[in-house]
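**Q** Got a file for you: structure12.txt, compact mmCIF, C-alpha atoms.
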# COMPACT_ATOMS: atom_id res chain seq x y z
CA MET L 1 14.83 9.83 -24.96
CA ASN L 2 13.21 9.70 -21.52
CA TYR L 3 9.76 11.09 -20.68
CA PHE L 4 11.16 14.38 -19.38
CA GLN L 5 13.28 14.91 -22.47
CA ILE L 6 10.28 14.36 -24.76
CA PHE L 7 8.86 17.60 -23.34
CA GLY L 8 12.21 19.35 -23.15
CA PHE L 9 12.27 19.26 -19.34
CA ALA L 10 15.17 18.50 -17.02
CA SER L 11 14.88 15.08 -15.37
CA GLN L 12 13.80 16.35 -11.98
CA PHE L 13 10.69 16.30 -9.81
CA GLU L 14 9.82 20.00 -10.03
CA LEU L 15 7.76 20.53 -13.14
CA ASP L 16 5.30 23.12 -14.46
CA VAL L 17 2.16 21.08 -15.18
CA HIS L 18 0.54 23.84 -17.22
CA LYS L 19 3.56 24.01 -19.46
CA LEU L 20 3.52 20.21 -19.64
CA ALA L 21 -0.10 20.27 -20.84
CA ASP L 22 0.67 22.95 -23.45
CA ILE L 23 3.65 21.10 -24.88
CA TYR L 24 1.63 17.88 -24.85
CA GLN L 25 -1.06 19.46 -27.07
CA THR L 26 1.56 20.79 -29.49
CA LEU L 27 3.36 17.46 -29.73
CA GLN L 28 0.15 15.49 -30.23
CA LYS L 29 -0.92 17.79 -33.08
CA LYS L 30 2.31 16.96 -34.92
CA VAL L 31 1.61 13.25 -34.88
CA HIS L 32 -2.17 13.41 -35.28
CA PRO L 33 -3.48 10.59 -37.59
CA ASP L 34 -5.21 13.16 -39.84
CA LYS L 35 -1.81 14.47 -40.85
CA PHE L 36 -0.81 11.04 -41.99
CA ALA L 37 -4.00 10.12 -43.85
CA HIS L 38 -2.14 10.02 -47.15
CA ALA L 39 1.18 8.80 -45.82
CA SER L 40 2.55 5.28 -46.21
CA SER L 41 1.41 2.67 -43.73
CA GLN L 42 4.97 2.65 -42.37
CA GLU L 43 4.77 6.38 -41.61
CA GLN L 44 1.32 5.97 -40.12
CA LEU L 45 2.62 3.28 -37.81
CA VAL L 46 5.51 5.46 -36.67
CA ALA L 47 3.09 8.32 -35.97
CA VAL L 48 0.82 6.07 -33.91
CA LYS L 49 3.77 4.81 -31.90
CA LYS L 50 4.97 8.35 -31.25
CA SER L 51 1.51 9.43 -30.21
CA THR L 52 1.29 6.54 -27.74
CA LEU L 53 4.69 7.35 -26.30
CA ILE L 54 3.82 11.04 -25.88
CA ASN L 55 0.59 10.05 -24.19
CA ASP L 56 2.29 7.61 -21.79
CA ALA L 57 4.89 10.24 -20.96
CA TYR L 58 2.23 12.86 -20.32
CA GLN L 59 0.09 10.61 -18.10
CA THR L 60 3.16 9.67 -16.06
CA LEU L 61 4.57 13.15 -15.60
CA LYS L 62 1.35 14.97 -14.80
CA ASN L 63 0.70 12.75 -11.76
CA PRO L 64 3.18 13.63 -8.99
CA LEU L 65 3.35 10.12 -7.53
CA MET L 66 3.83 8.48 -10.92
CA ARG L 67 6.41 11.13 -11.80
CA ALA L 68 8.35 10.40 -8.61
CA GLN L 69 8.17 6.66 -9.28
CA TYR L 70 9.42 7.15 -12.83
CA LEU L 71 12.23 9.43 -11.68
CA LEU L 72 13.40 6.83 -9.14
CA GLU L 73 13.36 4.20 -11.90
CA LEU L 74 15.41 6.48 -14.16
CA ARG L 75 17.92 6.92 -11.36
CA GLU L 76 17.99 3.15 -10.95
CA SER L 77 17.27 3.53 -7.28
CA ASP L 78 17.08 0.09 -5.71
CA GLN L 79 13.67 0.09 -4.02
CA PRO L 80 12.12 -2.75 -2.00
CA ASN L 81 9.23 -4.70 -3.48
CA GLU L 82 5.90 -2.90 -2.93
CA GLN L 83 4.33 -6.00 -1.44
CA ALA L 84 7.20 -6.65 0.92
CA SER L 85 6.31 -6.10 4.53
CA PHE L 86 7.47 -2.98 6.10
CA SER L 87 8.65 -2.63 9.63
CA ASP L 88 8.18 1.09 10.26
CA ASN L 89 6.05 0.52 13.33
CA SER L 90 4.94 4.07 13.83
CA PHE L 91 3.65 4.29 10.28
CA LEU L 92 1.92 0.92 10.60
CA MET L 93 0.17 2.22 13.73
CA ARG L 94 -0.81 5.29 11.77
CA GLN L 95 -2.17 3.08 8.98
CA MET L 96 -4.25 1.14 11.48
CA GLU L 97 -5.58 4.38 12.99
CA LEU L 98 -6.43 5.85 9.61
CA HIS L 99 -8.35 2.70 8.68
CA GLU L 100 -10.19 2.84 12.00
CA MET L 101 -11.02 6.49 11.46
CA LEU L 102 -12.47 5.61 8.07
CA ASP L 103 -14.67 2.99 9.79
CA ASP L 104 -15.81 5.71 12.19
CA VAL L 105 -16.78 7.95 9.29
CA LYS L 106 -19.11 5.17 8.14
CA HIS L 107 -20.91 5.19 11.49
CA ALA L 108 -20.86 8.91 12.16
CA ASN L 109 -24.14 10.73 12.78
CA ASP L 110 -23.18 13.62 10.55
CA HIS L 111 -21.62 11.96 7.52
CA GLU L 112 -20.87 15.15 5.69
CA ALA L 113 -18.88 16.67 8.55
CA ALA L 114 -17.09 13.38 9.23
CA ILE L 115 -16.07 13.05 5.58
CA LEU L 116 -14.76 16.61 5.47
CA ALA L 117 -12.79 16.15 8.69
CA TYR L 118 -11.29 12.88 7.50
CA ALA L 119 -10.40 14.32 4.09
CA GLU L 120 -8.55 17.08 5.92
CA VAL L 121 -6.59 14.53 8.00
CA LEU L 122 -5.60 12.72 4.80
CA ASN L 123 -4.69 15.97 3.14
CA ILE L 124 -2.39 17.07 5.94
CA GLY L 125 -0.65 13.68 6.03
CA PHE L 126 -0.28 13.65 2.26
CA GLN L 127 1.08 17.18 2.00
CA GLY L 128 3.65 16.61 4.74
CA LEU L 129 4.99 13.49 3.03
CA ALA L 130 4.91 15.14 -0.40
CA VAL L 131 7.11 18.00 0.83
CA GLU L 132 9.57 15.50 2.35
CA MET L 133 9.66 13.42 -0.82
CA HIS L 134 10.26 16.49 -2.98
CA ALA L 135 13.24 17.50 -0.84
CA HIS L 136 14.69 13.97 -0.94
CA LEU L 137 14.30 13.79 -4.72
CA ASP L 138 16.03 17.14 -5.14
CA GLU L 139 18.92 16.00 -2.98
CA ASN L 140 19.38 13.03 -5.35
CA THR L 141 21.84 10.83 -3.50
CA ILE L 142 21.56 7.05 -3.14
CA GLN L 143 20.38 7.51 0.43
CA SER L 144 17.95 10.36 -0.27
CA ASN L 145 16.43 8.45 -3.19
CA LEU L 146 15.77 5.52 -0.86
CA LEU L 147 14.07 7.88 1.56
CA ALA L 148 12.05 9.38 -1.29
CA GLY L 149 10.91 5.85 -2.22
CA ASN L 150 9.84 5.32 1.37
CA ASN L 151 7.84 8.57 1.29
CA LEU L 152 6.33 7.51 -2.02
CA ARG L 153 5.06 4.18 -0.66
CA LYS L 154 3.40 6.03 2.21
CA LEU L 155 1.92 8.58 -0.19
CA LYS L 156 0.40 5.75 -2.23
CA PHE L 157 -1.23 4.54 0.94
CA TYR L 158 -2.78 7.98 1.54
CA GLN L 159 -3.92 8.09 -2.05
CA LYS L 160 -5.57 4.69 -1.64
CA LEU L 161 -7.45 5.91 1.44
CA ARG L 162 -8.57 8.94 -0.50
CA VAL L 163 -10.07 6.61 -3.12
CA ASP L 164 -11.70 4.53 -0.35
CA LEU L 165 -13.18 7.70 1.12
CA ASP L 166 -14.60 8.72 -2.26
CA LYS L 167 -16.19 5.28 -2.63
CA LEU L 168 -17.67 5.51 0.84
CA GLU L 169 -19.04 8.94 0.07
CA ASP L 170 -20.76 7.61 -3.05
CA GLN L 171 -22.24 4.74 -1.07
CA LEU L 172 -23.49 6.90 1.79
CA PHE L 173 -25.13 9.48 -0.38
CA ASN L 174 -26.61 7.07 -2.87
CA ASP L 175 -28.41 5.25 -0.08
CA GLU L 176 -30.00 8.36 1.31
CA MET B 1 -10.11 -14.33 -9.43
CA ALA B 2 -12.05 -16.82 -7.31
CA TYR B 3 -11.31 -17.26 -3.65
CA SER B 4 -11.09 -20.77 -2.23
CA GLU B 5 -13.84 -21.94 0.11
CA LYS B 6 -11.47 -21.80 3.05
CA VAL B 7 -10.60 -18.18 2.34
CA ILE B 8 -14.28 -17.29 2.08
CA ASP B 9 -15.02 -19.13 5.33
CA HIS B 10 -12.31 -17.21 7.23
CA TYR B 11 -13.30 -13.97 5.54
CA GLU B 12 -16.97 -14.34 6.43
CA ASN B 13 -16.38 -15.80 9.89
CA PRO B 14 -13.01 -14.50 10.96
CA ARG B 15 -11.70 -16.17 14.11
CA ASN B 16 -10.28 -14.21 17.02
CA VAL B 17 -10.78 -10.69 15.75
CA GLY B 18 -9.97 -8.06 18.32
CA SER B 19 -7.34 -6.35 20.39
CA MET B 20 -5.54 -6.95 23.64
CA ASP B 21 -3.82 -4.42 25.85
CA LYS B 22 -0.44 -3.96 24.25
CA ASN B 23 1.00 -2.73 27.54
CA ASP B 24 0.19 -6.00 29.30
CA PRO B 25 3.60 -7.67 29.86
CA GLN B 26 2.10 -11.02 28.75
CA VAL B 27 0.86 -9.60 25.46
CA ALA B 28 3.13 -9.54 22.41
CA THR B 29 2.14 -7.37 19.46
CA GLY B 30 3.28 -7.82 15.87
CA MET B 31 2.45 -5.12 13.35
CA VAL B 32 3.25 -5.66 9.70
CA GLY B 33 2.05 -4.19 6.48
CA ALA B 34 2.86 -3.25 2.95
CA PRO B 35 2.09 0.45 2.84
CA ALA B 36 1.71 0.90 -0.88
CA CYS B 37 -0.98 -1.75 -1.22
CA GLY B 38 -2.53 -0.56 2.04
CA ASP B 39 -2.63 -3.87 3.87
CA VAL B 40 -1.94 -3.67 7.57
CA MET B 41 -2.03 -6.57 10.00
CA LYS B 42 -1.85 -6.58 13.79
CA LEU B 43 -1.36 -9.90 15.54
CA GLN B 44 -1.39 -10.13 19.32
CA LEU B 45 -0.39 -13.17 21.36
CA LYS B 46 -1.00 -13.75 25.05
CA ILE B 47 1.94 -15.77 26.29
CA ASN B 48 2.05 -17.46 29.70
CA ALA B 49 5.06 -17.94 31.98
CA ASP B 50 5.85 -21.29 30.31
CA GLY B 51 6.12 -19.62 26.92
CA ILE B 52 2.83 -21.10 25.67
CA ILE B 53 0.50 -18.99 23.55
CA GLU B 54 -2.78 -18.96 25.46
CA ASP B 55 -4.70 -16.62 23.24
CA ALA B 56 -4.34 -14.81 19.94
CA LYS B 57 -6.19 -11.89 18.39
CA PHE B 58 -5.85 -10.12 15.10
CA LYS B 59 -7.01 -7.04 13.30
CA THR B 60 -6.34 -6.81 9.59
CA TYR B 61 -7.23 -4.26 6.96
CA GLY B 62 -6.66 -5.80 3.58
CA CYS B 63 -8.08 -8.16 1.00
CA GLY B 64 -9.88 -11.41 1.74
CA SER B 65 -6.67 -13.42 1.54
CA ALA B 66 -4.90 -11.16 4.05
CA ILE B 67 -7.81 -11.47 6.49
CA ALA B 68 -8.02 -15.25 6.00
CA SER B 69 -4.25 -15.66 6.46
CA SER B 70 -4.26 -13.78 9.75
CA SER B 71 -7.42 -15.49 10.98
CA LEU B 72 -5.92 -18.93 10.23
CA VAL B 73 -2.69 -18.02 12.01
CA THR B 74 -4.53 -17.11 15.22
CA GLU B 75 -6.09 -20.60 15.19
CA TRP B 76 -2.78 -22.30 14.52
CA VAL B 77 -0.68 -20.55 17.17
CA LYS B 78 -3.03 -21.10 20.10
CA GLY B 79 -1.64 -23.73 22.46
CA LYS B 80 1.75 -23.71 20.77
CA SER B 81 4.99 -22.64 22.39
CA ILE B 82 6.56 -19.53 20.93
CA ASP B 83 9.34 -21.66 19.44
CA GLU B 84 6.80 -23.86 17.68
CA ALA B 85 4.86 -20.82 16.48
CA ALA B 86 8.08 -19.36 15.06
CA THR B 87 8.38 -22.34 12.72
CA ILE B 88 5.05 -21.66 10.94
CA LYS B 89 5.87 -21.03 7.31
CA ASN B 90 3.99 -18.94 4.82
CA THR B 91 3.94 -21.90 2.43
CA ALA B 92 1.83 -23.88 4.91
CA ILE B 93 -0.62 -20.96 5.21
CA ALA B 94 -0.80 -20.54 1.43
CA GLU B 95 -1.33 -24.26 0.97
CA GLU B 96 -4.06 -24.53 3.62
CA LEU B 97 -5.96 -21.61 2.08
CA ALA B 98 -5.17 -22.57 -1.53
CA LEU B 99 -3.95 -19.06 -2.21
CA PRO B 100 -3.22 -18.23 -5.85
CA PRO B 101 0.31 -16.99 -6.68
CA VAL B 102 -0.73 -13.31 -6.71
CA LYS B 103 -1.88 -13.66 -3.08
CA ILE B 104 1.17 -15.42 -1.69
CA HIS B 105 2.38 -12.12 -0.25
CA CYS B 106 -0.63 -12.21 2.13
CA SER B 107 0.64 -15.45 3.66
CA ILE B 108 4.13 -13.94 3.91
CA LEU B 109 2.64 -11.00 5.76
CA ALA B 110 0.98 -13.40 8.23
CA GLU B 111 4.27 -15.25 8.82
CA ASP B 112 6.01 -11.91 9.32
CA ALA B 113 3.32 -10.92 11.84
CA ILE B 114 4.09 -14.01 13.98
CA LYS B 115 7.80 -13.20 13.83
CA ALA B 116 7.18 -9.56 14.72
CA ALA B 117 5.03 -10.56 17.71
CA ILE B 118 7.66 -13.00 18.97
CA GLU B 119 10.31 -10.34 18.51
CA ASP B 120 8.19 -7.95 20.56
CA TYR B 121 7.82 -10.60 23.28
CA ARG B 122 11.56 -11.21 23.42
CA THR B 123 12.23 -7.48 23.68
CA LYS B 124 9.64 -7.16 26.44
CA THR B 125 10.94 -10.07 28.48
CA ALA B 126 14.64 -9.40 27.89
Using structure tokens, write down the structure that the file contains.
**A**
Amino acid sequence: MNYFQIFGFASQFELDVHKLADIYQTLQKKVHPDKFAHASSQEQLVAVKKSTLINDAYQTLKNPLMRAQYLLELRESDQPNEQASFSDNSFLMRQMELHEMLDDVKHANDHEAAILAYAEVLNIGFQGLAVEMHAHLDENTIQSNLLAGNNLRKLKFYQKLRVDLDKLEDQLFNDE
Amino acid sequence: MAYSEKVIDHYENPRNVGSMDKNDPQVATGMVGAPACGDVMKLQLKINADGIIEDAKFKTYGCGSAIASSSLVTEWVKGKSIDEAATIKNTAIAEELALPPVKIHCSILAEDAIKAAIEDYRTKTA
């Protein structure tokens, strides 16, 4: 049973996260250790394993990037190594620019405004790629899955910058 | 994970950081990166009419090993012909910096940056 099937969902990107959370609670109650307090150690072990699986499935599916990654793995899409270098020059230029912009945020006079403006730039970039990836995943051909993987690697980069921005924000405002 | 002394030295005192005008016909630019891990490396070479690399600059956003690998490469390529520079192997970079196995990809990125810059030069001069 794959992660989608555990929750009774079709194996596709589109997913109702509220429904996912509801089903997750229901499933976890069924395998809660309290229910197995008087069961055999064998049954307890099975319950723990199920609970772990349900939890892994939930954590993967609720995060859109992890869900996309998992879906591509299920489809056995042949993706390049994440550490392999990448020759999409325009995106590399964009990466360089986005890093430089983050450096500028550090040295801005008005940190709060600079952080907000940068977060908005990241948001726009992220949303655009997310829409593209969704469409490619829905198309579900060998070629479109490769393109979805390409979108996903770029999305991970945006997510990483988002984390870097949060760290910078903590630093800037803790020093003041 | 501990960095080697050589990595720390290049990281703390990176050589040849900076940019050159990418539109200068003598300047070759190599951009490489691995988007998911966020590393991006720009290597620029100033190549004279005899095909000798007169100057090299880099700008890298990445971990200490990625910065050290690109810094080392700028030192190595200066004074070399582009054909000699093209023979620099990631294994030599990794060995010089004593990179641990998990950081070998940083040296590969630096080798790819040299190749990308030479490719850019050949396209420009073709």
**Q** For CA of Ser69 in chain B and CA of Phe86 in chain L, quote the distance in Å rounded to one decimal.
**A**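 Between CA of Ser69 in chain B and CA of Phe86 in chain L the gap is 17.3 Å.
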**Q** Starting from the point (-11.9, 5.8, 3.6), work out which residues of protein, DNA or RNA have an atom no more than 8 Å away when counting only C-alpha atoms; state them as number ranges by chain.
**A** L: 99, 101-103, 105, 161-168
**Q** Near chain B, which residues of chain L fall within 7 Å when you count only C-alpha atoms, and what do they look like as a ChimeraX atom specification?
**A** /L:82-87,89,92,95-96,153-154,156-157
**Q** Those same residues, written as a compact mmCIF listing (two decimals), keeping the file's coordinate frame with C-alpha atoms?
**A**
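Output file result.txt is given in full below:
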# COMPACT_ATOMS: atom_id res chain seq x y z
CA GLU L 82 5.90 -2.90 -2.93
CA GLN L 83 4.33 -6.00 -1.44
CA ALA L 84 7.20 -6.65 0.92
CA SER L 85 6.31 -6.10 4.53
CA PHE L 86 7.47 -2.98 6.10
CA SER L 87 8.65 -2.63 9.63
CA ASN L 89 6.05 0.52 13.33
CA LEU L 92 1.92 0.92 10.60
CA GLN L 95 -2.17 3.08 8.98
CA MET L 96 -4.25 1.14 11.48
CA ARG L 153 5.06 4.18 -0.66
CA LYS L 154 3.40 6.03 2.21
CA LYS L 156 0.40 5.75 -2.23
CA PHE L 157 -1.23 4.54 0.94
**Q** Per residue of range 61-103 of chain L within 10 Å of range 137-144 of chain L, record the nearest atom pair and its distance in Å to one decimal, counting all atoms listed in the file, with rows in chain order and ascending residue number, as CSV.
**A**
residue,atom,partner,partner_atom,distance
L:Ala68,CA,L:Leu137,CA,7.9
L:Leu71,CA,L:Leu137,CA,8.5
L:Leu72,CA,L:Leu137,CA,8.3
L:Arg75,CA,L:Asn140,CA,8.7
L:Glu76,CA,L:Ile142,CA,9.4
L:Ser77,CA,L:Ile142,CA,6.9
L:Asp78,CA,L:Ile142,CA,8.7
**Q** Would you please work out which residue, of L:Thr52, L:Met66, L:Phe91, L:Ala57, is nearest to Gly8 in chain L when using all atoms listed in the file?
**A**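 Smallest separation from Gly8 in chain L among the options: L:Ala57.
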**Q** CA of Cys63 in chain B and CA of Gly18 in chain B are how many Å apart?
**A**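 Taking CA of Cys63 in chain B and CA of Gly18 in chain B, their separation equals 17.4 Å.
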**Q** Can you work out which one of B:Lys115, B:Arg15, B:Lys124, B:Lys22 has the shortest atom-to-atom distance to Ala85 in chain B, counting all atoms listed in the file?
**A** B:Lys115
**Q** Can you work out which one of B:Glu12, B:Ser65, B:Glu75, B:Leu43 has the shortest atom-to-atom distance to Pro100 in chain B, counting all atoms listed in the file?
**A**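 The closest residue to Pro100 in chain B is B:Ser65.
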**Q** One number please: CA of Leu147 in chain L to CA of Glu132 in chain L, in Å, one decimal.
**A** 8.9 Å
**Q** Which residues are near Gln44 in chain B? Cut-off 6 Å, only C-alpha atoms, ignore same chain within fewer than 5 positions. Put them as a ChimeraX atom specification.
**A** /B:28-29,56-57
**Q** Looking at B:Ile114, B:Thr125, B:Tyr3, B:Asp24, which one is nearest to Ser71 in chain B, with distances taken over all atoms listed in the file?
**A** B:Ile114
**Q** Might you pull out every residue within 9 Å of Asp55 in chain B, with all atoms listed in the file counted and same-chain residues fewer than 6 positions away left off, and present them as a list in words?
**A**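 My reading of the contact set: Asn16, Gln44, Leu45, Lys46, Ile47, Thr74, Val77, Lys78 and Gly79 of chain B.
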**Q** Excluding range 28-36 of chain L and its own-chain neighbours fewer than 4 positions away, which residues fall within 9 Å of it when counting all atoms listed in the file? Please give them as a PyMOL selection string.
**A** chain L and resi 23-24+40-41+43-44+46-48+50-51+54-55
**Q** With C-alpha atoms retained, write the just-selected residues as a compact mmCIF listing (two decimals), in the frame of the given file.
**A**
# COMPACT_ATOMS: atom_id res chain seq x y z
CA ILE L 23 3.65 21.10 -24.88
CA TYR L 24 1.63 17.88 -24.85
CA SER L 40 2.55 5.28 -46.21
CA SER L 41 1.41 2.67 -43.73
CA GLU L 43 4.77 6.38 -41.61
CA GLN L 44 1.32 5.97 -40.12
CA VAL L 46 5.51 5.46 -36.67
CA ALA L 47 3.09 8.32 -35.97
CA VAL L 48 0.82 6.07 -33.91
CA LYS L 50 4.97 8.35 -31.25
CA SER L 51 1.51 9.43 -30.21
CA ILE L 54 3.82 11.04 -25.88
CA ASN L 55 0.59 10.05 -24.19
**Q** Pick the closest to Leu53 in chain L from L:Leu152, L:Gln159, L:Glu112, L:Asn2: which is it, counting all atoms listed in the file?
**A**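 So, comparing all the options, the nearest one is L:Asn2.
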**Q** Might I get the box with edges along x, y and z of the file that holds all atoms of range 107-121 of chain B listed there, padded by 3 Å on every side, given as centre and edge lengths in Å to one decimal, as lines of an AutoDock Vina configuration file?
**A**
center_x = 5.5
center_y = -11.7
center_z = 13.5
size_x = 15.7
size_y = 13.5
size_z = 25.6
**Q** Every residue with an atom at most 8 Å from (5.1, -20.7, 24.9) (file coordinates; only C-alpha atoms) is what I'm after, so could you write them as a list of chain:residue names?
**A** B:Ile47, B:Asn48, B:Ala49, B:Asp50, B:Gly51, B:Ile52, B:Ile53, B:Gly79, B:Lys80, B:Ser81, B:Ile82, B:Asp83
**Q** So which one's closest to Thr91 in chain B, B:Glu119, B:Asp21, B:Glu111, B:Glu5? Using all atoms listed in the file, please.
**A**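 Of the candidates, the smallest distance to Thr91 in chain B is held by B:Glu111.
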